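K.L.:
Sharing final.cif below, mmCIF, C-alpha atoms:
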```cif
data_input
loop_
_atom_site.label_atom_id
_atom_site.label_comp_id
_atom_site.auth_asym_id
_atom_site.auth_seq_id
_atom_site.Cartn_x
_atom_site.Cartn_y
_atom_site.Cartn_z
CA MET T 1 98.05 78.75 69.53
CA VAL T 2 94.38 79.24 70.32
CA SER T 3 93.26 82.79 69.72
CA TYR T 4 90.06 84.60 70.64
CA LYS T 5 89.31 87.98 69.12
CA HIS T 6 86.75 90.28 70.60
CA LYS T 7 85.85 93.64 69.11
CA LEU T 8 84.05 96.46 70.88
CA MET T 9 83.16 99.82 69.49
CA CYS T 10 83.90 102.68 71.87
CA GLY T 11 82.25 105.68 70.27
CA ASN T 12 83.33 105.69 66.64
CA VAL T 13 87.05 105.89 67.27
CA MET T 14 88.45 103.06 69.36
CA ARG T 15 88.41 99.38 68.46
CA TRP T 16 89.44 96.74 71.03
CA GLN T 17 90.95 93.39 70.23
CA TYR T 18 91.46 90.74 72.86
CA GLN T 19 93.68 87.74 72.30
CA LYS T 20 94.10 84.83 74.72
CA LEU T 21 97.23 82.81 74.04
CA LYS T 22 97.77 79.21 75.07
CA ASN T 23 101.30 78.13 75.81
CA ASP T 24 101.54 74.76 74.09
CA ALA T 25 100.08 72.86 71.15
CA SER T 26 97.75 70.79 73.35
CA GLY T 27 96.01 73.95 74.56
CA ASN T 28 97.25 73.63 78.13
CA ASP T 29 98.57 76.54 80.11
CA LEU T 30 102.23 76.54 81.03
CA VAL T 31 103.24 75.29 84.49
CA VAL T 32 106.35 76.70 86.18
CA ASN T 33 107.77 75.10 89.32
CA GLY T 34 109.70 76.97 92.00
CA THR T 35 111.04 76.43 95.49
CA GLU T 36 110.31 78.62 98.49
CA GLY T 37 113.02 81.25 98.93
CA ALA T 38 114.32 80.93 95.35
CA SER T 39 113.60 82.98 92.21
CA VAL T 40 111.50 81.93 89.24
CA THR T 41 110.71 83.34 85.79
CA LEU T 42 107.11 83.54 84.64
CA PRO T 43 107.18 83.58 80.83
CA CYS T 44 104.81 85.62 78.71
CA MET T 45 105.42 85.26 74.97
CA PHE T 46 103.34 86.87 72.23
CA THR T 47 103.60 88.00 68.62
CA PRO T 48 104.63 91.67 68.57
CA HIS T 49 103.18 94.11 66.05
CA SER T 50 105.66 96.66 64.75
CA ASN T 51 103.09 99.34 63.92
CA TYR T 52 101.67 99.45 67.46
CA SER T 53 103.13 101.04 70.56
CA MET T 54 103.29 99.09 73.82
CA THR T 55 101.83 100.93 76.78
CA THR T 56 101.67 98.61 79.80
CA VAL T 57 102.41 95.10 80.99
CA SER T 58 100.43 93.94 84.01
CA TRP T 59 100.52 90.70 85.94
CA MET T 60 97.71 89.49 88.17
CA ARG T 61 96.72 86.42 90.10
CA LYS T 62 93.73 84.49 88.90
CA GLU T 63 90.94 83.19 91.15
CA PRO T 64 90.69 85.24 93.20
CA TYR T 65 91.78 88.02 90.87
CA GLN T 66 94.41 90.20 92.50
CA HIS T 67 96.75 92.75 90.92
CA VAL T 68 100.43 91.89 91.35
CA VAL T 69 102.53 94.38 89.37
CA THR T 70 102.28 96.82 86.45
CA PHE T 71 105.12 98.02 84.24
CA ARG T 72 104.69 101.14 82.09
CA VAL T 73 106.83 102.37 79.21
CA GLN T 74 108.66 105.66 79.78
CA SER T 75 109.35 108.36 77.20
CA ASP T 76 112.97 107.15 76.83
CA GLY T 77 111.75 103.60 76.02
CA SER T 78 112.66 102.09 79.40
CA TRP T 79 110.14 100.30 81.58
CA THR T 80 109.36 101.20 85.17
CA THR T 81 107.31 99.56 87.89
CA VAL T 82 104.17 101.61 88.39
CA ASN T 83 102.81 99.60 91.27
CA GLY T 84 103.78 96.28 92.72
CA GLY T 85 106.35 94.95 95.11
CA ASN T 86 110.09 95.03 94.73
CA ARG T 87 110.18 91.23 94.38
CA TYR T 88 109.05 91.54 90.75
CA GLU T 89 111.45 92.31 87.88
CA PHE T 90 110.53 92.89 84.25
CA ILE T 91 113.07 90.77 82.32
CA GLY T 92 111.36 90.53 78.95
CA ASN T 93 111.94 92.37 75.71
CA LEU T 94 108.64 93.52 74.20
CA ASN T 95 110.18 94.12 70.77
CA GLU T 96 110.84 90.36 70.69
CA GLY T 97 107.39 89.48 72.06
CA ASN T 98 108.58 88.72 75.59
CA ALA T 99 106.84 90.20 78.65
CA SER T 100 108.35 87.76 81.19
CA ILE T 101 108.94 88.66 84.81
CA ARG T 102 111.08 87.24 87.59
CA ILE T 103 109.68 86.75 91.09
CA ASN T 104 112.35 86.81 93.79
CA GLN T 105 112.13 85.28 97.28
CA LEU T 106 109.28 82.90 96.43
CA SER T 107 106.77 82.06 99.12
CA VAL T 108 104.21 79.25 99.18
CA ASN T 109 101.69 82.13 99.11
CA ASP T 110 102.84 82.77 95.50
CA ASP T 111 101.34 79.44 94.38
CA TYR T 112 98.68 80.66 91.88
CA THR T 113 97.78 80.91 88.24
CA TYR T 114 99.09 84.22 86.90
CA LEU T 115 97.75 86.31 84.04
CA CYS T 116 100.06 88.40 81.89
CA LEU T 117 98.28 91.33 80.23
CA VAL T 118 100.16 93.12 77.45
CA GLU T 119 98.48 96.31 76.25
CA TYR T 120 99.38 98.09 73.04
CA THR T 121 97.70 100.69 70.86
CA SER T 122 97.63 102.09 67.38
CA SER T 123 95.97 105.28 66.16
CA ASN T 124 92.46 103.79 66.21
CA SER T 125 92.66 100.48 68.07
CA HIS T 126 93.57 99.15 71.47
CA HIS T 127 94.86 95.58 71.89
CA LEU T 128 95.16 93.38 74.95
CA ILE T 129 97.01 90.05 75.00
CA LEU T 130 96.29 87.67 77.84
CA ASN T 131 98.62 84.81 78.74
CA GLU T 132 98.21 82.34 81.65
CA THR T 133 101.01 80.66 83.59
CA ARG T 134 100.55 78.34 86.56
CA LEU T 135 103.17 78.72 89.30
CA GLN T 136 103.61 75.82 91.71
CA VAL T 137 105.78 76.59 94.74
CA THR T 138 107.10 73.80 96.94
CA ARG T 139 108.36 74.30 100.46
CA ALA T 140 112.10 74.38 100.87
CA ALA T 141 113.42 71.28 102.60
CA GLU T 142 114.29 71.91 106.20
CA THR T 143 117.97 71.39 106.69
CA PHE T 144 119.63 70.40 109.90
CA PRO T 145 123.37 70.66 110.27
CA ILE T 146 124.92 67.24 110.66
CA VAL T 147 128.44 67.09 111.99
CA ILE T 148 130.20 63.81 111.62
CA LEU T 149 133.41 63.53 113.57
CA CYS T 150 135.62 60.77 112.31
CA ILE T 151 138.52 59.78 114.50
CA PRO T 152 140.66 56.95 113.19
CA LEU T 153 140.71 54.08 115.64
CA GLY T 154 144.51 54.11 115.82
CA VAL T 155 144.57 57.78 116.78
CA LYS T 156 142.01 57.19 119.50
CA LEU T 157 143.78 54.13 120.88
CA LEU T 158 147.30 55.56 120.73
CA PRO T 159 146.85 57.99 123.68
CA LEU T 160 145.17 55.23 125.67
CA LEU T 161 148.00 52.85 124.87
CA VAL T 162 150.64 55.45 125.86
CA MET T 163 148.76 56.17 129.09
CA TRP T 164 148.54 52.44 129.88
CA ILE T 165 152.27 51.96 129.22
CA VAL T 166 153.17 54.88 131.49
CA LEU T 167 150.88 53.61 134.26
CA TYR T 168 152.16 50.06 133.84
CA ARG T 169 155.78 51.25 133.92
CA ASP T 170 155.14 53.34 137.03
CA ARG T 171 153.41 50.42 138.74
CA THR T 172 156.17 47.99 137.86
CA ARG T 173 158.80 50.42 139.15
CA LYS T 174 156.93 50.77 142.41
CA GLU T 175 156.71 47.00 142.69
CA GLN T 176 160.41 46.70 141.95
CA ASP T 177 161.24 49.36 144.49
CA ARG T 178 159.27 47.62 147.29
CA PRO T 179 161.33 44.45 147.46
CA ASN T 180 164.53 46.51 147.44
CA ALA T 181 163.25 48.64 150.26
CA GLY T 182 162.38 45.58 152.35
CA SER T 183 165.82 43.94 152.11
#
```
For this file, write the structure as structure tokens.
P.N.:
Amino acid sequence: MVSYKHKLMCGNVMRWQYQKLKNDASGNDLVVNGTEGASVTLPCMFTPHSNYSMTTVSWMRKEPYQHVVTFRVQSDGSWTTVNGGNRYEFIGNLNEGNASIRINQLSVNDDYTYLCLVEYTSSNSHHLILNETRLQVTRAAETFPIVILCIPLGVKLLPLLVMWIVLYRDRTRKEQDRPNAGS
């Protein structure tokens, strides 16, 4: 885990710490693959601090930066969507260091790098954890209904055979009736 800490003094009271987390040992950001129309989970894992209180979890797109969704803790401990579409669900558990979300009804327009921002505070400091996840969305394969009608050859030939026998029998009767009529 690569970690960057940045401290700012805001007056004499507030201290900021910024931590950027990488998702694997090689230092590369995580890549998640999804298919258009499906759902996908964007993970955001961090080390929770028990003596701090979580305040918000925000997700944004990177380059160009665009806000996606923000979740804020309520007084009863539940999380609610402050702003963002209804396609986004908070599925993580912050007490376990999980701020993951699910995106429903993926579109190829969702193909971006996403930033997870977890904000928590203590009495004199404010912390922000930043986690990057790359989402790659592929187009759903176009499907065309294919109907294959299999008729066994014997079933197809049987009606033709019966029809031929009936016609042949009728023709032979007519031929047999003609000589009798002429005598």
K.L.:
Mind giving me the straight-line distance from atom CA of Gln74 of chain T to atom CA of Ser39 of chain T in Å, one decimal?
P.N.:
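Separation between atom CA of Gln74 of chain T and atom CA of Ser39 of chain T: 26.3 Å.
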K.L.:
Quick one: residues within 6 Å of Thr133 of chain T, all atoms listed in the file, excluding same-chain residues fewer than 3 positions away - as an NGL selection string?
P.N.:
:T and (29-31 or 113-114)
K.L.:
Could you spell out the hits of the PyMOL selection byres ((chain T and resi 95) around 10) on the shown file, as a list in words?
P.N.:
Thr47, Pro48, His49, Ser50, Ser53, Met54, Gly92, Asn93, Leu94, Glu96, Gly97, Asn98 and Ala99 of chain T
K.L.:
For each of T:Thr70, T:Asn109, T:Asn83, T:Asn51, take the minimum atom-to-atom distance to Ser123 of chain T, counting only C-alpha atoms, then give the residue where this is smallest.
P.N.:
T:Asn51
K.L.:
Give as a list of chain:residue names the residues that the PyMOL selection byres ((chain T and resi 136) around 12) matches when applied to the coordinates above.
P.N.:
T:Leu30, T:Val31, T:Val32, T:Asn33, T:Gly34, T:Thr35, T:Glu36, T:Val40, T:Thr41, T:Leu42, T:Leu106, T:Ser107, T:Val108, T:Asn109, T:Asp110, T:Asp111, T:Tyr112, T:Thr113, T:Tyr114, T:Thr133, T:Arg134, T:Leu135, T:Val137, T:Thr138, T:Arg139
K.L.:
Save the residues we just selected, C-alpha atoms, as an mmCIF file, keeping the file's coordinate frame?
P.N.:
```cif
data_model
loop_
_atom_site.group_PDB
_atom_site.id
_atom_site.type_symbol
_atom_site.label_atom_id
_atom_site.label_comp_id
_atom_site.auth_asym_id
_atom_site.auth_seq_id
_atom_site.Cartn_x
_atom_site.Cartn_y
_atom_site.Cartn_z
ATOM 1 C CA LEU T 30 102.230 76.540 81.030
ATOM 2 C CA VAL T 31 103.240 75.290 84.490
ATOM 3 C CA VAL T 32 106.350 76.700 86.180
ATOM 4 C CA ASN T 33 107.770 75.100 89.320
ATOM 5 C CA GLY T 34 109.700 76.970 92.000
ATOM 6 C CA THR T 35 111.040 76.430 95.490
ATOM 7 C CA GLU T 36 110.310 78.620 98.490
ATOM 8 C CA VAL T 40 111.500 81.930 89.240
ATOM 9 C CA THR T 41 110.710 83.340 85.790
ATOM 10 C CA LEU T 42 107.110 83.540 84.640
ATOM 11 C CA LEU T 106 109.280 82.900 96.430
ATOM 12 C CA SER T 107 106.770 82.060 99.120
ATOM 13 C CA VAL T 108 104.210 79.250 99.180
ATOM 14 C CA ASN T 109 101.690 82.130 99.110
ATOM 15 C CA ASP T 110 102.840 82.770 95.500
ATOM 16 C CA ASP T 111 101.340 79.440 94.380
ATOM 17 C CA TYR T 112 98.680 80.660 91.880
ATOM 18 C CA THR T 113 97.780 80.910 88.240
ATOM 19 C CA TYR T 114 99.090 84.220 86.900
ATOM 20 C CA THR T 133 101.010 80.660 83.590
ATOM 21 C CA ARG T 134 100.550 78.340 86.560
ATOM 22 C CA LEU T 135 103.170 78.720 89.300
ATOM 23 C CA VAL T 137 105.780 76.590 94.740
ATOM 24 C CA THR T 138 107.100 73.800 96.940
ATOM 25 C CA ARG T 139 108.360 74.300 100.460
#
```
K.L.:
Quick one: distance from atom CA of Ser78 of chain T to atom CA of Trp59 of chain T in Å, one decimal?
P.N.:
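Between these atoms lies a distance of 17.9 Å.
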K.L.:
Report, in Å to a single decimal, how far apart atom CA of Gln105 of chain T and atom CA of Tyr88 of chain T are.
P.N.:
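Here the two named atoms are 9.6 Å from each other.
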K.L.:
Which of these residues is nearest to Ser58 of chain T, using all atoms listed in the file: T:Ala140, T:Val73, T:Val166, T:Ala38?
P.N.:
T:Val73
K.L.:
Applied to the shown file, which residues does the PyMOL selection byres ((chain T and resi 119) around 10) return, written as a list in words?
P.N.:
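On the file shown, the PyMOL selection byres ((chain T and resi 119) around 10) covers Tyr18, Tyr52, Ser53, Met54, Thr55, Thr56, Val57, Ser58, Arg72, Cys116, Leu117, Val118, Tyr120, Thr121, His126, His127, Leu128, Ile129 and Leu130 of chain T.
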K.L.:
Have a look at T:Asp170, T:Pro43, T:Gly84, T:Arg61 and name the one nearest to Arg102 of chain T; count only C-alpha atoms.
P.N.:
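The answer is T:Pro43, which sits nearest to Arg102 of chain T.
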